[in-house]
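Student: This one is upload_34.txt, compact mmCIF, C-alpha atoms.
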# COMPACT_ATOMS: atom_id res chain seq x y z
CA MET A 1 -29.54 -0.52 10.85
CA ALA A 2 -28.77 -3.94 12.22
CA ASN A 3 -30.64 -7.00 11.12
CA TYR A 4 -32.69 -7.53 14.25
CA TYR A 5 -32.33 -11.31 14.39
CA ASP A 6 -28.76 -11.68 13.13
CA ILE A 7 -26.38 -12.02 16.08
CA ASP A 8 -23.32 -11.41 13.88
CA ASP A 9 -24.77 -8.14 12.61
CA ILE A 10 -25.49 -7.05 16.18
CA LEU A 11 -21.94 -7.92 17.28
CA ALA A 12 -20.46 -6.15 14.26
CA GLU A 13 -22.21 -2.96 15.30
CA GLU A 14 -20.69 -3.29 18.79
CA GLU A 15 -17.19 -2.67 17.39
CA LEU A 16 -15.69 0.50 18.84
CA VAL A 17 -15.20 3.47 16.55
CA PRO A 18 -13.11 6.54 17.46
CA SER A 19 -15.10 9.75 17.37
CA VAL A 20 -14.99 13.36 18.56
CA PHE A 21 -17.89 15.15 20.23
CA GLN A 22 -18.79 18.38 18.40
CA HIS A 23 -20.86 19.79 21.28
CA ALA A 24 -20.73 19.49 25.05
CA ALA A 25 -23.21 17.00 26.47
CA ASN A 26 -24.54 16.53 30.00
CA GLU A 27 -25.38 13.21 31.66
CA VAL A 28 -23.17 11.18 29.32
CA GLY A 29 -20.01 11.11 31.41
CA LEU A 30 -19.75 7.36 31.11
CA PHE A 31 -18.49 7.84 27.54
CA ASP A 32 -15.44 9.75 28.73
CA SER A 33 -13.80 8.12 31.74
CA SER A 34 -11.04 10.75 32.02
CA ASP A 35 -12.86 12.74 34.70
CA ASP A 36 -15.42 12.26 37.48
CA THR A 37 -18.02 14.68 36.12
CA ASN A 38 -21.01 13.37 34.27
CA LYS A 39 -20.33 15.64 31.30
CA VAL A 40 -18.50 15.40 27.98
CA GLU A 41 -16.89 18.56 26.65
CA ALA A 42 -16.81 19.57 22.99
CA GLY A 43 -13.72 18.14 21.32
CA SER A 44 -13.55 15.09 23.60
CA ARG A 45 -12.23 12.00 21.85
CA VAL A 46 -14.03 8.80 22.75
CA GLU A 47 -14.50 5.30 21.37
CA LEU A 48 -18.15 4.34 21.06
CA PRO A 49 -19.96 1.34 19.56
CA PHE A 50 -20.75 1.79 15.89
CA TRP A 51 -24.53 1.69 16.39
CA LEU A 52 -24.32 4.71 18.71
CA VAL A 53 -21.76 6.56 16.59
CA ARG A 54 -23.98 6.28 13.51
CA GLU A 55 -26.99 7.73 15.33
CA LEU A 56 -25.03 10.58 16.92
CA TYR A 57 -23.28 11.33 13.64
CA LEU A 58 -26.59 11.57 11.77
CA ARG A 59 -27.75 14.08 14.41
CA GLN A 60 -24.48 16.02 13.90
CA LEU A 61 -23.41 15.64 17.52
CA LEU A 62 -20.05 14.08 16.75
CA SER A 63 -17.60 13.46 13.96
CA ILE A 64 -16.22 10.05 13.08
CA ARG A 65 -12.54 9.32 12.85
CA VAL A 66 -11.58 6.42 10.59
CA PRO A 67 -10.70 3.36 12.71
CA PRO A 68 -6.99 2.55 12.63
CA CYS A 69 -7.44 -0.66 10.64
CA PHE A 70 -9.07 1.28 7.74
CA ASP A 71 -6.90 4.41 7.82
CA ARG A 72 -5.02 5.24 4.60
CA GLU A 73 -1.61 5.35 6.28
CA SER A 74 -2.24 2.37 8.53
CA LYS A 75 0.00 -0.57 9.16
CA THR A 76 -2.90 -2.84 8.20
CA ARG A 77 -3.04 -1.49 4.65
CA GLU A 78 0.70 -1.93 4.24
CA GLU A 79 0.58 -5.51 5.51
CA ILE A 80 -2.36 -6.41 3.28
CA ALA A 81 -0.59 -4.90 0.28
CA ALA A 82 2.48 -6.99 1.09
CA ASP A 83 0.83 -10.33 1.98
CA ALA A 84 -2.87 -10.25 2.74
CA ALA A 85 -3.21 -13.97 3.36
CA HIS A 86 -1.15 -13.93 6.55
CA VAL A 87 -2.39 -10.78 8.28
CA ASP A 88 -4.09 -11.19 11.65
CA LEU A 89 -7.30 -9.25 11.01
CA ARG A 90 -9.20 -10.71 13.96
CA SER A 91 -7.03 -8.86 16.49
CA ARG A 92 -7.70 -5.57 14.70
CA CYS A 93 -11.44 -5.98 14.10
CA SER A 94 -13.40 -9.22 14.45
CA TYR A 95 -15.95 -8.07 11.87
CA PHE A 96 -13.46 -6.37 9.56
CA TYR A 97 -15.40 -6.52 6.28
CA GLU A 98 -18.83 -5.84 7.69
CA LEU A 99 -17.71 -2.83 9.72
CA GLY A 100 -15.71 -1.53 6.76
CA CYS A 101 -18.80 -1.65 4.53
CA LYS A 102 -20.89 0.14 7.15
CA ILE A 103 -18.39 2.85 8.03
CA ALA A 104 -17.21 3.76 4.51
CA PRO A 105 -20.30 5.83 3.58
CA LEU A 106 -20.23 7.70 6.88
CA VAL A 107 -16.59 8.78 6.78
CA GLY A 108 -16.66 9.50 3.04
CA ASP A 109 -13.45 7.59 2.35
CA LYS A 110 -13.78 6.09 -1.13
CA THR A 111 -10.63 3.98 -0.71
CA ILE A 112 -12.12 1.68 1.96
CA GLY A 113 -14.31 -0.25 -0.53
CA PRO A 114 -11.50 -1.18 -2.95
CA PHE A 115 -9.23 -1.94 0.02
CA LEU A 116 -11.79 -4.39 1.43
CA LEU A 117 -12.28 -5.97 -1.98
CA VAL A 118 -8.57 -6.57 -2.51
CA ALA A 119 -8.14 -7.99 0.99
CA PHE A 120 -11.13 -10.31 0.67
CA ARG A 121 -10.21 -11.49 -2.82
CA ILE A 122 -6.72 -12.54 -1.77
CA ARG A 123 -7.77 -14.01 1.58
CA TYR A 124 -10.79 -15.85 0.09
CA LYS A 125 -8.58 -18.02 -2.07
CA GLU A 126 -6.19 -18.75 0.80
CA VAL A 127 -9.01 -19.59 3.25
CA LEU A 128 -10.54 -22.15 0.88
CA ILE A 129 -7.16 -23.74 0.13
CA LYS A 130 -6.47 -24.05 3.85
CA ALA A 131 -9.98 -25.41 4.51
CA HIS A 132 -9.29 -28.28 2.10
CA THR A 133 -5.70 -29.03 3.11
CA LEU A 134 -5.06 -28.25 6.79
CA THR A 135 -4.91 -31.00 9.35
CA LEU A 136 -6.92 -30.85 12.56
CA ALA A 137 -3.76 -30.10 14.58
CA VAL A 138 -2.84 -26.96 12.61
CA ALA A 139 -6.36 -25.60 11.97
CA PRO A 140 -6.98 -23.96 15.41
CA LYS A 141 -3.84 -21.83 15.08
CA TYR A 142 -4.88 -20.68 11.60
CA LEU A 143 -8.43 -19.87 12.72
CA THR A 144 -7.11 -17.28 15.19
CA LEU A 145 -6.02 -15.12 12.24
CA LEU A 146 -9.42 -15.08 10.53
CA THR A 147 -12.28 -12.63 10.96
CA LYS A 148 -15.74 -13.97 11.82
CA GLU A 149 -16.80 -13.88 8.15
CA GLU A 150 -13.68 -15.76 7.07
CA ALA A 151 -14.10 -18.34 9.84
CA LYS A 152 -17.60 -19.10 8.54
CA LEU A 153 -16.18 -19.45 5.04
CA TYR A 154 -13.50 -21.81 6.36
CA GLU A 155 -16.10 -23.98 8.10
CA ALA A 156 -18.24 -24.06 4.94
CA GLY A 157 -15.21 -25.18 2.92
CA GLN A 158 -14.45 -27.94 5.41
CA SER A 159 -18.03 -29.20 5.45
CA SER A 160 -18.17 -29.22 1.64
CA ILE A 161 -14.99 -31.26 1.34
CA ALA A 162 -16.26 -33.68 4.01
CA ALA A 163 -19.55 -34.09 2.12
CA PHE A 164 -17.64 -34.65 -1.12
CA LYS A 165 -15.45 -37.33 0.46
CA LYS A 166 -18.50 -39.04 1.93
CA TRP A 167 -20.21 -39.04 -1.46
CA ARG A 168 -17.08 -40.30 -3.20
CA MET A 169 -16.63 -43.17 -0.76
CA GLY A 170 -20.09 -44.52 -1.46
CA GLY A 171 -22.54 -42.21 0.15
CA PRO A 172 -26.08 -41.92 -1.13
CA ARG A 173 -26.19 -42.11 -4.92
CA PHE A 174 -28.78 -40.90 -7.33
CA GLN A 175 -31.57 -43.42 -7.74
CA ILE A 176 -34.00 -43.97 -10.55
CA ALA A 177 -37.52 -43.01 -9.62
CA PRO A 178 -39.85 -46.03 -9.36
CA VAL A 179 -42.11 -44.50 -12.00
CA LEU A 180 -39.32 -44.57 -14.56
CA GLY A 181 -38.47 -48.22 -13.87
CA ARG A 182 -41.88 -49.55 -14.97
CA LYS A 183 -42.37 -50.72 -18.49
CA ARG A 184 -45.35 -49.70 -20.54
CA LYS A 185 -48.12 -52.13 -21.16
CA PRO A 186 -48.49 -53.10 -24.78
CA THR A 187 -51.63 -51.64 -26.37
Show this structure as structure tokens.
Tutor:
Amino acid sequence: MANYYDIDDILAEEELVPSVFQHAANEVGLFDSSDDTNKVEAGSRVELPFWLVRELYLRQLLSIRVPPCFDRESKTREEIAADAAHVDLRSRCSYFYELGCKIAPLVGDKTIGPFLLVAFRIRYKEVLIKAHTLTLAVAPKYLTLLTKEEAKLYEAGQSSIAAFKKWRMGGPRFQIAPVLGRKRKPT
């Protein structure tokens, strides 16, 4: 269930997930735009938002197909195995890690978790290095490759290095509390 007040969680659950209807359904024709009837036949393949897929799956009305970016034989897995730091994950799924964590228990694929961990571990290091070294001219091009979670991490890295530079150049220093500066009266 989505965190009600977290806009990123809400948007992550809007990602489309391929699924197959197990039973025919009336008055839901908007899910299948292949015909003019307002009905979906059993076996129809549709892409629905994750929040709807989860609810229909729990009611056993449809089956979930693994999204292409998480599939075992996918191009994404091959690219991440080769060089995870330079893969454009945003074009495949803006909320790659969050959706992967939510969909893994539903599809029963135990390889999604380790796959996400390897991808994040390699990309985490690269994102922080780039956050500390990229110039303002190159940064927008690099940000187009990052997922929403990684973009937040990049911004946090940039703000931390900016705060460090400010402190190093003479920003606010630690000060002695006025209580500690007073001398005791002789007794």
Student: For CA of Thr135 (chain A) and CA of His86 (chain A), determine how far apart the two atoms are, in Å to one decimal place.
Tutor: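 Those two atoms sit 17.7 Å apart.
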Student: Using all atoms listed in the file for the distances, tell me which of A:Leu117, A:Ile80, A:Leu48, A:Ala85 is nearest to Tyr97 (chain A).
Tutor: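 Closest to Tyr97 (chain A), using all atoms listed in the file: A:Leu117.
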Student: Residues around (-14.2, 9.8, 17.9), cut-off 8 Å, counting all atoms listed in the file - what are they as a list of chain:residue names?
Tutor: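 Output of the proximity query reads A:Val17, A:Pro18, A:Ser19, A:Val20, A:Phe21, A:Ser44, A:Arg45, A:Val46, A:Glu47, A:Leu48, A:Leu62, A:Ser63, A:Ile64, A:Arg65.
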Student: Selected residues, C-alpha atoms, written as a PDB file, in the frame of the given file, please.
Tutor:
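The new file result.pdb reads:
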ATOM      1  CA  VAL A  17     -15.200   3.470  16.550  1.00  0.00           C
ATOM      2  CA  PRO A  18     -13.110   6.540  17.460  1.00  0.00           C
ATOM      3  CA  SER A  19     -15.100   9.750  17.370  1.00  0.00           C
ATOM      4  CA  VAL A  20     -14.990  13.360  18.560  1.00  0.00           C
ATOM      5  CA  PHE A  21     -17.890  15.150  20.230  1.00  0.00           C
ATOM      6  CA  SER A  44     -13.550  15.090  23.600  1.00  0.00           C
ATOM      7  CA  ARG A  45     -12.230  12.000  21.850  1.00  0.00           C
ATOM      8  CA  VAL A  46     -14.030   8.800  22.750  1.00  0.00           C
ATOM      9  CA  GLU A  47     -14.500   5.300  21.370  1.00  0.00           C
ATOM     10  CA  LEU A  48     -18.150   4.340  21.060  1.00  0.00           C
ATOM     11  CA  LEU A  62     -20.050  14.080  16.750  1.00  0.00           C
ATOM     12  CA  SER A  63     -17.600  13.460  13.960  1.00  0.00           C
ATOM     13  CA  ILE A  64     -16.220  10.050  13.080  1.00  0.00           C
ATOM     14  CA  ARG A  65     -12.540   9.320  12.850  1.00  0.00           C
TER      15      ARG A  65
END
Student: Which value, in Å to one decimal, gives the distance between CA of His23 (chain A) and CA of Gln60 (chain A)?
Tutor: 9.0 Å
Student: Have a look at CA of Leu11 (chain A) and CA of Cys93 (chain A) and let me know their distance in Å, one decimal.
Tutor: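 We find that CA of Leu11 (chain A) and CA of Cys93 (chain A) lie 11.1 Å from each other.
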Student: May I have the residues at most 6 Å from (-21.9, -1.0, 8.7) in the file's coordinates, counting all atoms listed in the file, as a JSON list (two decimals) with C-alpha atoms, in the coordinates of the input?
Tutor:
[["chain", "number", "residue", "atom", "x", "y", "z"],
["A", 98, "GLU", "CA", -18.83, -5.84, 7.69],
["A", 99, "LEU", "CA", -17.71, -2.83, 9.72],
["A", 101, "CYS", "CA", -18.80, -1.65, 4.53],
["A", 102, "LYS", "CA", -20.89, 0.14, 7.15],
["A", 103, "ILE", "CA", -18.39, 2.85, 8.03]]
Student: Mind checking which residues fall within 9 Å of Ala12 (chain A), counting all atoms listed in the file, ignoring those fewer than 6 positions away in the same chain, and posting them as a PDB file with C-alpha atoms, keeping the file's coordinate frame?
Tutor:
ATOM      1  CA  ALA A   2     -28.770  -3.940  12.220  1.00  0.00           C
ATOM      2  CA  PHE A  50     -20.750   1.790  15.890  1.00  0.00           C
ATOM      3  CA  SER A  94     -13.400  -9.220  14.450  1.00  0.00           C
ATOM      4  CA  TYR A  95     -15.950  -8.070  11.870  1.00  0.00           C
ATOM      5  CA  PHE A  96     -13.460  -6.370   9.560  1.00  0.00           C
ATOM      6  CA  GLU A  98     -18.830  -5.840   7.690  1.00  0.00           C
ATOM      7  CA  LEU A  99     -17.710  -2.830   9.720  1.00  0.00           C
TER       8      LEU A  99
END
Student: Which is closest to Val118 (chain A) among A:Asp6, A:Glu155, A:Asp83, A:Glu14, if we use all atoms listed in the file?
Tutor: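 The shortest atom-to-atom distance to Val118 (chain A) comes from A:Asp83.
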Student: Calculated over all atoms listed in the file, which of the candidates A:Arg90, A:Lys141, A:Lys185, A:Arg54 has the smallest distance to Cys69 (chain A)?
Tutor: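 For Cys69 (chain A), the nearest of the candidates is A:Arg90.
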Student: Contacts of Thr144 (chain A) at 9 Å or less, counting all atoms listed in the file, minus same-chain residues fewer than 3 places along, as a PDB file with C-alpha atoms, in the frame of the given file?
Tutor:
ATOM      1  CA  ASP A  88      -4.090 -11.190  11.650  1.00  0.00           C
ATOM      2  CA  ARG A  90      -9.200 -10.710  13.960  1.00  0.00           C
ATOM      3  CA  SER A  91      -7.030  -8.860  16.490  1.00  0.00           C
ATOM      4  CA  ALA A 139      -6.360 -25.600  11.970  1.00  0.00           C
ATOM      5  CA  PRO A 140      -6.980 -23.960  15.410  1.00  0.00           C
ATOM      6  CA  LYS A 141      -3.840 -21.830  15.080  1.00  0.00           C
ATOM      7  CA  THR A 147     -12.280 -12.630  10.960  1.00  0.00           C
ATOM      8  CA  ALA A 151     -14.100 -18.340   9.840  1.00  0.00           C
TER       9      ALA A 151
END
Student: So which residues touch Tyr154 (chain A) within 7 Å, counting only C-alpha atoms, skipping near sequence neighbours fewer than 5 positions away, as a list in words?
Tutor: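 My list of contacting residues is Val127, Leu128 and Ala131 of chain A.
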Student: Would you compute the box with edges along x, y and z of the file around region 71-74 of chain A, including every atom the file lists for it and 8 Å extra on each side, and give its centre and edge lengths in Å to one decimal, as AutoDock Vina command-line options?
Tutor:
--center_x -4.3 --center_y 3.9 --center_z 6.6 --size_x 21.3 --size_y 19.0 --size_z 19.9
